[in-house]
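Since the structure comes first, as C-alpha cells, the remarks are kept for the end.
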Amino acid sequence: MAEKDSDTPESIKSKIRDVPDFPREGIIFKDITTVLRDPQAFKKSVDLLAKHYEKQNIDYIAGIEARGFIFGSALAYKLGKGFIPIRKPGKLPAKTERMSYELEYGNDSLEIHIDAVEPGKRVLIVDDLLATGGTAEAAIKLVKKIGGIIVGIGFVVELEFLKGREKLPEDCKITRLISF
Ligand code: AMP
C-alpha cells in the first residue's frame, strides 16, 4: 500500500475537503463526504482497500461509527465478509463491552456486542481516518476483549503528524491509502 506521498492515489486525495475550525477552533477537519459523493473516488477507495486485503484470511470486518461504517460495509460487501458495527454508547441493543478513549477534540466511548465475534475469528477493523489513534486503539481493545484476533486496521486517511500509529499495538498491521 502507498507509503509515500509521491505514490498516493491522488484522485482520492484531491477530493478530500479541508474544513478549518471544525468541530472546534484549531482543528482542520478532513471532510470525506466529498470523496463519498464522487463515484470514482468512493469506488477507488473501496477497491484499493479490497485489493490490499483480498488474499488475507479475514472472517469479519468491523467498522467504527460513523464513517467507518461507510467504507467498512462497502469493503465487507466487496470481499464477501460479515460486517460488525463498533458504535457510540447506547446504540447497540444487546449486551455490550465498552471502552473509553481520548479524541483529538474530547473524550468518547465505543461499544461492541459481546457476541459479535466467535472466539478466535479473524477481524479487520476499518475507519475513515487515523488521527491521534485513541479511537483505533479502543476498537482494537474491544475486538480483542470479546475474543477476536486482529488481522489489521485499515484507513482511507492517516494524519501522520498526529503520530496515531504509535498508540497502536506493534503487531497490528496498519494500512492507509493516503496521508497528510
Ligand atoms: P483519533 O481517535 O484521534 O485517531 O480520531 C479518529 C476519529 O475521529 C476518526 O473516526 C475520524 O473520523 C475522526 N477525526 C479525528 N480527527 C479528525 C480530523 N482532523 N478530520 C477528520 N476526522 C477526524
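The way I read the labels, and the way they are meant: chains A, B, ... in the order of the C-alpha cells, residue 1 as the first residue of every chain, and ligand 1 as the first ligand shown, with later ones counted on from there.
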All residues having an atom within 9 Å of ligand 1 (only C-alpha atoms and all ligand atoms) as a JSON list (two decimals) with all heavy atoms, in the first residue's frame:
```json
[["chain", "number", "residue", "atom", "x", "y", "z"],
["A", 18, "ASP", "N", -10.80, 20.23, 3.18],
["A", 18, "ASP", "CA", -10.37, 20.75, 4.49],
["A", 18, "ASP", "C", -11.43, 21.69, 5.04],
["A", 18, "ASP", "O", -11.81, 22.64, 4.35],
["A", 18, "ASP", "CB", -9.07, 21.55, 4.36],
["A", 18, "ASP", "CG", -7.86, 20.64, 4.31],
["A", 18, "ASP", "OD1", -8.02, 19.40, 4.34],
["A", 18, "ASP", "OD2", -6.73, 21.17, 4.22],
["A", 19, "VAL", "N", -11.90, 21.43, 6.26],
["A", 19, "VAL", "CA", -12.84, 22.35, 6.90],
["A", 19, "VAL", "C", -12.17, 22.89, 8.16],
["A", 19, "VAL", "O", -12.07, 22.18, 9.16],
["A", 19, "VAL", "CB", -14.18, 21.65, 7.25],
["A", 19, "VAL", "CG1", -15.15, 22.65, 7.86],
["A", 19, "VAL", "CG2", -14.78, 20.99, 6.02],
["A", 22, "PHE", "N", -13.36, 23.01, 12.64],
["A", 22, "PHE", "CA", -14.47, 22.09, 12.91],
["A", 22, "PHE", "C", -13.88, 20.81, 13.50],
["A", 22, "PHE", "O", -12.89, 20.30, 12.98],
["A", 22, "PHE", "CB", -15.24, 21.75, 11.64],
["A", 22, "PHE", "CG", -16.41, 20.82, 11.90],
["A", 22, "PHE", "CD1", -17.66, 21.33, 12.23],
["A", 22, "PHE", "CD2", -16.24, 19.44, 11.83],
["A", 22, "PHE", "CE1", -18.72, 20.47, 12.50],
["A", 22, "PHE", "CE2", -17.30, 18.58, 12.11],
["A", 22, "PHE", "CZ", -18.54, 19.09, 12.43],
["A", 23, "PRO", "N", -14.49, 20.27, 14.58],
["A", 23, "PRO", "CA", -15.66, 20.74, 15.32],
["A", 23, "PRO", "C", -15.32, 21.83, 16.35],
["A", 23, "PRO", "O", -16.23, 22.31, 17.02],
["A", 23, "PRO", "CB", -16.15, 19.47, 16.01],
["A", 23, "PRO", "CG", -14.93, 18.65, 16.20],
["A", 23, "PRO", "CD", -14.02, 18.96, 15.07],
["A", 27, "ILE", "N", -8.80, 22.85, 14.81],
["A", 27, "ILE", "CA", -8.82, 21.55, 14.14],
["A", 27, "ILE", "C", -9.10, 21.77, 12.65],
["A", 27, "ILE", "O", -10.04, 22.49, 12.30],
["A", 27, "ILE", "CB", -9.95, 20.63, 14.71],
["A", 27, "ILE", "CG1", -9.80, 20.42, 16.21],
["A", 27, "ILE", "CG2", -10.01, 19.30, 13.95],
["A", 27, "ILE", "CD1", -8.70, 19.51, 16.65],
["A", 28, "ILE", "N", -8.28, 21.18, 11.81],
["A", 28, "ILE", "CA", -8.61, 21.16, 10.37],
["A", 28, "ILE", "C", -9.26, 19.81, 10.08],
["A", 28, "ILE", "O", -8.59, 18.78, 10.11],
["A", 28, "ILE", "CB", -7.37, 21.36, 9.50],
["A", 28, "ILE", "CG1", -6.77, 22.73, 9.76],
["A", 28, "ILE", "CG2", -7.75, 21.21, 8.01],
["A", 28, "ILE", "CD1", -5.47, 23.00, 9.05],
["A", 29, "PHE", "N", -10.57, 19.84, 9.87],
["A", 29, "PHE", "CA", -11.31, 18.60, 9.68],
["A", 29, "PHE", "C", -11.18, 18.13, 8.25],
["A", 29, "PHE", "O", -11.43, 18.89, 7.31],
["A", 29, "PHE", "CB", -12.79, 18.82, 10.04],
["A", 29, "PHE", "CG", -13.56, 17.54, 10.20],
["A", 29, "PHE", "CD1", -13.54, 16.86, 11.41],
["A", 29, "PHE", "CD2", -14.30, 17.02, 9.15],
["A", 29, "PHE", "CE1", -14.24, 15.67, 11.56],
["A", 29, "PHE", "CE2", -15.00, 15.83, 9.30],
["A", 29, "PHE", "CZ", -14.97, 15.16, 10.50],
["A", 30, "LYS", "N", -10.77, 16.89, 8.08],
["A", 30, "LYS", "CA", -10.66, 16.29, 6.74],
["A", 30, "LYS", "C", -12.02, 15.70, 6.39],
["A", 30, "LYS", "O", -12.37, 14.63, 6.88],
["A", 30, "LYS", "CB", -9.57, 15.21, 6.72],
["A", 30, "LYS", "CG", -8.17, 15.74, 7.00],
["A", 30, "LYS", "CD", -7.68, 16.59, 5.84],
["A", 30, "LYS", "CE", -6.28, 17.12, 6.08],
["A", 30, "LYS", "NZ", -5.88, 18.13, 5.09],
["A", 31, "ASP", "N", -12.75, 16.40, 5.56],
["A", 31, "ASP", "CA", -14.13, 16.02, 5.23],
["A", 31, "ASP", "C", -14.12, 15.03, 4.06],
["A", 31, "ASP", "O", -13.74, 15.39, 2.94],
["A", 31, "ASP", "CB", -14.90, 17.29, 4.87],
["A", 31, "ASP", "CG", -16.33, 17.01, 4.46],
["A", 31, "ASP", "OD1", -16.84, 15.92, 4.77],
["A", 31, "ASP", "OD2", -16.94, 17.90, 3.82],
["A", 32, "ILE", "N", -14.54, 13.78, 4.36],
["A", 32, "ILE", "CA", -14.54, 12.77, 3.29],
["A", 32, "ILE", "C", -15.91, 12.65, 2.60],
["A", 32, "ILE", "O", -16.08, 11.80, 1.72],
["A", 32, "ILE", "CB", -14.06, 11.38, 3.80],
["A", 32, "ILE", "CG1", -14.85, 10.90, 5.03],
["A", 32, "ILE", "CG2", -12.57, 11.41, 4.11],
["A", 32, "ILE", "CD1", -16.10, 10.13, 4.73],
["A", 64, "ILE", "N", -15.95, 1.35, 12.47],
["A", 64, "ILE", "CA", -16.14, 2.24, 13.61],
["A", 64, "ILE", "C", -17.12, 3.35, 13.22],
["A", 64, "ILE", "O", -16.94, 4.02, 12.20],
["A", 64, "ILE", "CB", -14.79, 2.85, 14.06],
["A", 64, "ILE", "CG1", -13.76, 1.75, 14.37],
["A", 64, "ILE", "CG2", -15.00, 3.77, 15.28],
["A", 64, "ILE", "CD1", -12.35, 2.25, 14.66],
["A", 65, "GLU", "N", -18.16, 3.55, 14.08],
["A", 65, "GLU", "CA", -19.16, 4.59, 13.83],
["A", 65, "GLU", "C", -18.50, 5.96, 13.73],
["A", 65, "GLU", "O", -17.64, 6.28, 14.54],
["A", 65, "GLU", "CB", -20.19, 4.59, 14.96],
["A", 65, "GLU", "CG", -21.35, 5.53, 14.71],
["A", 65, "GLU", "CD", -22.49, 5.37, 15.74],
["A", 65, "GLU", "OE1", -22.38, 4.53, 16.66],
["A", 65, "GLU", "OE2", -23.47, 6.11, 15.59],
["A", 66, "ALA", "N", -18.90, 6.79, 12.79],
["A", 66, "ALA", "CA", -19.91, 6.52, 11.78],
["A", 66, "ALA", "C", -19.28, 6.33, 10.40],
["A", 66, "ALA", "O", -19.76, 5.53, 9.60],
["A", 66, "ALA", "CB", -20.87, 7.71, 11.71],
["A", 67, "ARG", "N", -18.18, 7.05, 10.14],
["A", 67, "ARG", "CA", -17.63, 6.99, 8.78],
["A", 67, "ARG", "C", -16.95, 5.66, 8.48],
["A", 67, "ARG", "O", -16.84, 5.26, 7.32],
["A", 67, "ARG", "CB", -16.70, 8.19, 8.54],
["A", 67, "ARG", "CG", -17.47, 9.50, 8.47],
["A", 67, "ARG", "CD", -16.54, 10.70, 8.36],
["A", 67, "ARG", "NE", -15.77, 10.92, 9.56],
["A", 67, "ARG", "CZ", -16.17, 11.64, 10.61],
["A", 67, "ARG", "NH1", -17.34, 12.23, 10.59],
["A", 67, "ARG", "NH2", -15.41, 11.77, 11.67],
["A", 68, "GLY", "N", -16.55, 4.95, 9.54],
["A", 68, "GLY", "CA", -16.00, 3.61, 9.34],
["A", 68, "GLY", "C", -17.06, 2.62, 8.86],
["A", 68, "GLY", "O", -16.75, 1.57, 8.29],
["A", 101, "TYR", "N", -11.96, 6.40, 25.55],
["A", 101, "TYR", "CA", -10.71, 6.83, 24.92],
["A", 101, "TYR", "C", -10.71, 8.34, 24.75],
["A", 101, "TYR", "O", -11.76, 8.99, 24.83],
["A", 101, "TYR", "CB", -10.53, 6.15, 23.56],
["A", 101, "TYR", "CG", -11.61, 6.47, 22.56],
["A", 101, "TYR", "CD1", -11.42, 7.44, 21.59],
["A", 101, "TYR", "CD2", -12.85, 5.82, 22.61],
["A", 101, "TYR", "CE1", -12.43, 7.75, 20.68],
["A", 101, "TYR", "CE2", -13.85, 6.13, 21.71],
["A", 101, "TYR", "CZ", -13.64, 7.10, 20.75],
["A", 101, "TYR", "OH", -14.63, 7.40, 19.87],
["A", 102, "GLU", "N", -9.51, 8.88, 24.47],
["A", 102, "GLU", "CA", -9.38, 10.32, 24.23],
["A", 102, "GLU", "C", -9.35, 10.61, 22.75],
["A", 102, "GLU", "O", -8.73, 9.89, 21.98],
["A", 102, "GLU", "CB", -8.08, 10.84, 24.86],
["A", 102, "GLU", "CG", -8.24, 11.12, 26.33],
["A", 102, "GLU", "CD", -6.94, 11.58, 26.96],
["A", 102, "GLU", "OE1", -6.07, 12.11, 26.25],
["A", 102, "GLU", "OE2", -6.82, 11.39, 28.18],
["A", 103, "LEU", "N", -10.02, 11.69, 22.36],
["A", 103, "LEU", "CA", -10.04, 12.14, 20.97],
["A", 103, "LEU", "C", -9.13, 13.34, 20.79],
["A", 103, "LEU", "O", -8.73, 13.97, 21.77],
["A", 103, "LEU", "CB", -11.45, 12.62, 20.62],
["A", 103, "LEU", "CG", -12.46, 11.64, 20.06],
["A", 103, "LEU", "CD1", -13.79, 12.34, 19.90],
["A", 103, "LEU", "CD2", -12.00, 11.10, 18.71],
["A", 104, "GLU", "N", -8.88, 13.68, 19.50],
["A", 104, "GLU", "CA", -8.16, 14.92, 19.19],
["A", 104, "GLU", "C", -8.94, 16.10, 19.77],
["A", 104, "GLU", "O", -8.38, 17.11, 20.13],
["A", 104, "GLU", "CB", -8.04, 15.03, 17.66],
["A", 104, "GLU", "CG", -7.10, 16.08, 17.14],
["A", 104, "GLU", "CD", -7.10, 16.15, 15.62],
["A", 104, "GLU", "OE1", -7.82, 15.37, 14.96],
["A", 104, "GLU", "OE2", -6.40, 17.02, 15.09],
["A", 105, "TYR", "N", -10.27, 15.93, 19.84],
["A", 105, "TYR", "CA", -11.11, 17.02, 20.35],
["A", 105, "TYR", "C", -12.12, 16.52, 21.37],
["A", 105, "TYR", "O", -13.31, 16.60, 21.18],
["A", 105, "TYR", "CB", -11.81, 17.75, 19.20],
["A", 105, "TYR", "CG", -12.30, 16.86, 18.08],
["A", 105, "TYR", "CD1", -13.45, 16.11, 18.21],
["A", 105, "TYR", "CD2", -11.60, 16.79, 16.88],
["A", 105, "TYR", "CE1", -13.91, 15.31, 17.20],
["A", 105, "TYR", "CE2", -12.04, 15.98, 15.85],
["A", 105, "TYR", "CZ", -13.20, 15.24, 16.02],
["A", 105, "TYR", "OH", -13.65, 14.44, 15.00],
["A", 127, "ASP", "N", -11.69, 2.21, 9.55],
["A", 127, "ASP", "CA", -12.23, 3.54, 9.85],
["A", 127, "ASP", "C", -11.81, 4.48, 8.72],
["A", 127, "ASP", "O", -10.94, 4.14, 7.92],
["A", 127, "ASP", "CB", -11.73, 4.05, 11.21],
["A", 127, "ASP", "CG", -12.66, 5.13, 11.79],
["A", 127, "ASP", "OD1", -13.68, 5.47, 11.15],
["A", 127, "ASP", "OD2", -12.37, 5.63, 12.90],
["A", 128, "ASP", "N", -12.42, 5.65, 8.69],
["A", 128, "ASP", "CA", -12.07, 6.57, 7.59],
["A", 128, "ASP", "C", -10.70, 7.20, 7.80],
["A", 128, "ASP", "O", -9.95, 7.38, 6.85],
["A", 128, "ASP", "CB", -13.14, 7.66, 7.42],
["A", 128, "ASP", "CG", -13.23, 8.61, 8.60],
["A", 128, "ASP", "OD1", -13.05, 8.16, 9.76],
["A", 128, "ASP", "OD2", -13.48, 9.82, 8.39],
["A", 129, "LEU", "N", -10.36, 7.49, 9.07],
["A", 129, "LEU", "CA", -9.20, 8.34, 9.30],
["A", 129, "LEU", "C", -8.50, 8.01, 10.62],
["A", 129, "LEU", "O", -9.16, 7.82, 11.64],
["A", 129, "LEU", "CB", -9.69, 9.80, 9.29],
["A", 129, "LEU", "CG", -8.70, 10.91, 9.46],
["A", 129, "LEU", "CD1", -9.08, 12.10, 8.56],
["A", 129, "LEU", "CD2", -8.62, 11.38, 10.90],
["A", 130, "LEU", "N", -7.17, 7.94, 10.56],
["A", 130, "LEU", "CA", -6.36, 7.78, 11.78],
["A", 130, "LEU", "C", -5.81, 9.15, 12.16],
["A", 130, "LEU", "O", -5.04, 9.75, 11.40],
["A", 130, "LEU", "CB", -5.21, 6.80, 11.53],
["A", 130, "LEU", "CG", -4.20, 6.61, 12.66],
["A", 130, "LEU", "CD1", -4.85, 6.01, 13.90],
["A", 130, "LEU", "CD2", -3.03, 5.73, 12.21],
["A", 131, "ALA", "N", -6.24, 9.64, 13.32],
["A", 131, "ALA", "CA", -5.74, 10.94, 13.80],
["A", 131, "ALA", "C", -4.80, 10.67, 14.98],
["A", 131, "ALA", "O", -3.67, 10.22, 14.78],
["A", 131, "ALA", "CB", -6.90, 11.85, 14.16],
["A", 132, "THR", "N", -5.26, 10.86, 16.22],
["A", 132, "THR", "CA", -4.37, 10.63, 17.36],
["A", 132, "THR", "C", -4.30, 9.15, 17.78],
["A", 132, "THR", "O", -3.50, 8.78, 18.63],
["A", 132, "THR", "CB", -4.83, 11.45, 18.59],
["A", 132, "THR", "OG1", -6.14, 11.00, 18.96],
["A", 132, "THR", "CG2", -4.87, 12.93, 18.27],
["A", 133, "GLY", "N", -5.18, 8.33, 17.20],
["A", 133, "GLY", "CA", -5.11, 6.89, 17.43],
["A", 133, "GLY", "C", -5.96, 6.35, 18.56],
["A", 133, "GLY", "O", -6.08, 5.14, 18.71],
["A", 134, "GLY", "N", -6.57, 7.23, 19.35],
["A", 134, "GLY", "CA", -7.36, 6.77, 20.51],
["A", 134, "GLY", "C", -8.56, 5.92, 20.11],
["A", 134, "GLY", "O", -8.86, 4.92, 20.76],
["A", 135, "THR", "N", -9.21, 6.32, 19.04],
["A", 135, "THR", "CA", -10.39, 5.59, 18.57],
["A", 135, "THR", "C", -10.00, 4.18, 18.12],
["A", 135, "THR", "O", -10.63, 3.19, 18.50],
["A", 135, "THR", "CB", -11.04, 6.35, 17.39],
["A", 135, "THR", "OG1", -11.26, 7.71, 17.76],
["A", 135, "THR", "CG2", -12.36, 5.72, 16.99],
["A", 136, "ALA", "N", -8.95, 4.13, 17.30],
["A", 136, "ALA", "CA", -8.49, 2.84, 16.77],
["A", 136, "ALA", "C", -8.01, 1.94, 17.91],
["A", 136, "ALA", "O", -8.29, 0.74, 17.94],
["A", 136, "ALA", "CB", -7.39, 3.07, 15.75],
["A", 137, "GLU", "N", -7.31, 2.53, 18.86],
["A", 137, "GLU", "CA", -6.79, 1.76, 20.00],
["A", 137, "GLU", "C", -7.95, 1.14, 20.78],
["A", 137, "GLU", "O", -7.91, -0.04, 21.14],
["A", 137, "GLU", "CB", -5.97, 2.69, 20.91],
["A", 137, "GLU", "CG", -5.33, 1.98, 22.08],
["A", 137, "GLU", "CD", -4.70, 2.95, 23.09],
["A", 137, "GLU", "OE1", -5.13, 4.14, 23.15],
["A", 137, "GLU", "OE2", -3.79, 2.52, 23.81],
["A", 138, "ALA", "N", -9.00, 1.94, 21.00],
["A", 138, "ALA", "CA", -10.17, 1.43, 21.74],
["A", 138, "ALA", "C", -10.86, 0.32, 20.95],
["A", 138, "ALA", "O", -11.28, -0.70, 21.53],
["A", 138, "ALA", "CB", -11.15, 2.57, 22.01],
["A", 157, "VAL", "N", -7.49, 7.55, 5.29],
["A", 157, "VAL", "CA", -6.59, 8.69, 5.52],
["A", 157, "VAL", "C", -5.82, 8.51, 6.83],
["A", 157, "VAL", "O", -6.38, 8.06, 7.82],
["A", 157, "VAL", "CB", -7.40, 10.01, 5.64],
["A", 157, "VAL", "CG1", -6.47, 11.21, 5.78],
["A", 157, "VAL", "CG2", -8.33, 10.20, 4.45],
["A", 158, "GLU", "N", -4.55, 8.88, 6.79],
["A", 158, "GLU", "CA", -3.76, 8.97, 8.04],
["A", 158, "GLU", "C", -3.22, 10.39, 8.17],
["A", 158, "GLU", "O", -2.60, 10.92, 7.24],
["A", 158, "GLU", "CB", -2.58, 7.99, 8.01],
["A", 158, "GLU", "CG", -1.70, 8.10, 9.25],
["A", 158, "GLU", "CD", -0.51, 7.14, 9.27],
["A", 158, "GLU", "OE1", -0.26, 6.48, 8.23],
["A", 158, "GLU", "OE2", 0.16, 7.08, 10.31],
["A", 159, "LEU", "N", -3.45, 11.00, 9.31],
["A", 159, "LEU", "CA", -2.84, 12.31, 9.61],
["A", 159, "LEU", "C", -1.53, 12.00, 10.33],
["A", 159, "LEU", "O", -1.49, 11.84, 11.55],
["A", 159, "LEU", "CB", -3.77, 13.16, 10.48],
["A", 159, "LEU", "CG", -5.16, 13.47, 9.90],
["A", 159, "LEU", "CD1", -5.94, 14.40, 10.84],
["A", 159, "LEU", "CD2", -5.06, 14.08, 8.51],
["A", 162, "LEU", "N", 0.07, 13.55, 13.59],
["A", 162, "LEU", "CA", -0.50, 13.29, 14.92],
["A", 162, "LEU", "C", 0.03, 12.00, 15.54],
["A", 162, "LEU", "O", -0.26, 11.70, 16.70],
["A", 162, "LEU", "CB", -2.03, 13.25, 14.83],
["A", 162, "LEU", "CG", -2.69, 14.60, 14.52],
["A", 162, "LEU", "CD1", -4.18, 14.44, 14.27],
["A", 162, "LEU", "CD2", -2.45, 15.61, 15.64],
["A", 164, "GLY", "N", -0.63, 8.90, 15.39],
["A", 164, "GLY", "CA", -1.60, 7.96, 15.97],
["A", 164, "GLY", "C", -1.12, 6.52, 15.96],
["A", 164, "GLY", "O", -1.44, 5.75, 16.86],
["A", 165, "ARG", "N", -0.34, 6.16, 14.93],
["A", 165, "ARG", "CA", 0.07, 4.76, 14.84],
["A", 165, "ARG", "C", 0.96, 4.34, 16.02],
["A", 165, "ARG", "O", 1.04, 3.16, 16.35],
["A", 165, "ARG", "CB", 0.74, 4.45, 13.50],
["A", 165, "ARG", "CG", 2.00, 5.20, 13.18],
["A", 165, "ARG", "CD", 2.66, 4.63, 11.92],
["A", 165, "ARG", "NE", 1.82, 4.71, 10.72],
["A", 165, "ARG", "CZ", 1.68, 3.72, 9.83],
["A", 165, "ARG", "NH1", 2.31, 2.58, 10.02],
["A", 165, "ARG", "NH2", 0.94, 3.87, 8.76]]
```
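Listed by chain and then by rising number, the residues of stretch 83-113 of chain A that DSSP assigns to strand (DSSP E) from the backbone are Phe83, Ile84, Pro85, Ile86, Thr96, Glu97, Arg98, Met99, Ser100, Tyr101, Glu102, Leu103, Gly106, Asn107, Asp108, Ser109, Leu110, Glu111, Ile112 and His113 of chain A.
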For those residues, write C-alpha atoms to a file as a CSV table (one decimal), in the first residue's frame.
```csv
chain,number,residue,atom,x,y,z
A,83,PHE,CA,-19.8,-6.7,9.0
A,84,ILE,CA,-19.6,-5.8,12.7
A,85,PRO,CA,-20.6,-2.3,13.9
A,86,ILE,CA,-18.4,-0.7,16.7
A,96,THR,CA,-22.0,-4.9,25.0
A,97,GLU,CA,-18.4,-4.3,26.1
A,98,ARG,CA,-17.4,-0.6,26.4
A,99,MET,CA,-14.1,1.2,26.1
A,100,SER,CA,-13.4,4.9,26.8
A,101,TYR,CA,-10.7,6.8,24.9
A,102,GLU,CA,-9.4,10.3,24.2
A,103,LEU,CA,-10.0,12.1,21.0
A,106,GLY,CA,-12.6,15.5,23.5
A,107,ASN,CA,-13.4,12.1,25.1
A,108,ASP,CA,-15.7,9.4,23.9
A,109,SER,CA,-16.5,5.7,24.3
A,110,LEU,CA,-17.1,2.8,21.9
A,111,GLU,CA,-19.1,-0.4,22.3
A,112,ILE,CA,-19.3,-3.7,20.6
A,113,HIS,CA,-21.8,-6.6,21.1
```
May I ask which of the residues A:Leu177, A:Ile12, A:Ala94, A:Leu75 is the closest one to A:Asp38, counting only C-alpha atoms?
->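 The shortest atom-to-atom distance to A:Asp38 comes from A:Ile12.
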Compare A:Leu168, A:Ile153, A:Ala76, A:Val143 by their minimum atom-to-atom distance to A:Val46, counting only C-alpha atoms, and give me the closest one.
->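 Ranking A:Leu168, A:Ile153, A:Ala76, A:Val143 by distance to A:Val46, first place goes to A:Ala76.
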Which of chain A fall in alpha helix (DSSP H), as a PyMOL selection string | chain A and resi 10-13+33-36+39-53+67-79+134-145
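With distances taken over only C-alpha atoms, A:Gly152 is the one residue among A:Pro20, A:Pro93, A:Gly152, A:Pro169 lying closest to A:Tyr53.
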